[in-house]
Amino acid sequence: AEVFNEAFKNYFVNIHFTPEQLVAKFKVDGVKLKLSVGAFDNNKLVGFIFHGTNEEATNLIAYNAGTGVIPEYRGQHLTEKMYTFIFPILKNAEVKKIVLEAITENEIAIRIYKALNFSIIRKVDCYKATAMLDEKENKHQVVQTEKLDEAELNTWWDFKPAWQNSLYAVNKQPERITNLVVKKGDAIQGYLILNVSGRVMQVAIHPKFRKQGIGTYLFKAAFEIKKELTLINIDDRDKAIADFLKRMGFEYTISQYEMELDL
């Protein structure tokens, strides 16, 4: 945890993990240390790449859950050297693809990843808010539910969620998740998945029930649980959600590039 925090000191966004928080992050991201790599100087960890996997036997994907080098060891091409070291290990484990995100302003990191043959797939945006602007009277009842029908809900998506918002990530932390739904009878019209940190991991409305205020009521219920909400890695092509979040009082924070490498 000390090395992780030192590597991200003075980063574009504030990143700091206690050991307990880092354990939780590794669990959610599915980190496998045998597929991760560290750079050491006399047994001192000075750089790292942590990889998680989706555990799908036929389409195994490695997710970069964190790459960092502590300041005094930068400029020594350690990221390139670590990836050169880990590529054959990932291939031997039958990993088919590596996925990562890089902040769009982080030109050095993007240049390194491109040199390693990663390609930019899409741009994703992040938002935060501490209050809602829309105070309309709630016409829909929002309730909590333990289980969602994943096979049905993923047909509502306009864009595929990023790794950290995926159903895989959701299912890795059931004790940290609250599922909010709007129902008519037994049918779910909209849902929102909220984790304990206040991050909205997914929100979607059935196509037949959009523009009826359901999303507004879901977020209102989420704000009653957490006073500050965040959304990360929302596909920037989804103009409908971007406009909605702006109306709700969310503030844009940063953008990232989602990048991939086929092995």
# chains A, B, ... in the order shown; residues from 1 in each chain; ligands from 1
call {"tool": "residues_around", "arguments": {"residues": "Ile120 (chain A)", "least_positions_apart": "4", "cutoff": "12 Å", "atoms": "only C-alpha atoms", "output": "MDAnalysis selection string"}}
result
chainID A and resid 99:104 110:111 113:114 124 256:261
call {"tool": "closest_residue", "arguments": {"among": "A:Leu116, A:Met201, A:Ala242, A:Val46", "to": "Pro71 (chain A)", "atoms": "only C-alpha atoms"}}
result
A:Val46
call {"tool": "closest_residue", "arguments": {"among": "A:Gln173, A:Lys211, A:Asp41, A:Glu150", "to": "Ile188 (chain A)", "atoms": "only C-alpha atoms"}}
result
A:Glu150
call {"tool": "closest_residue", "arguments": {"among": "A:Asp125, A:Asp158, A:Glu72, A:Glu152", "to": "Glu6 (chain A)", "atoms": "only C-alpha atoms"}}
result
A:Glu72
call {"tool": "closest_residue", "arguments": {"among": "A:Lys239, A:Lys128, A:Lys139, A:Lys183", "to": "Glu251 (chain A)", "atoms": "only C-alpha atoms"}}
result
A:Lys128
call {"tool": "closest_residue", "arguments": {"among": "A:His77, A:Lys44, A:Lys160, A:Lys9", "to": "Asp238 (chain A)", "atoms": "only C-alpha atoms"}}
result
A:Lys160
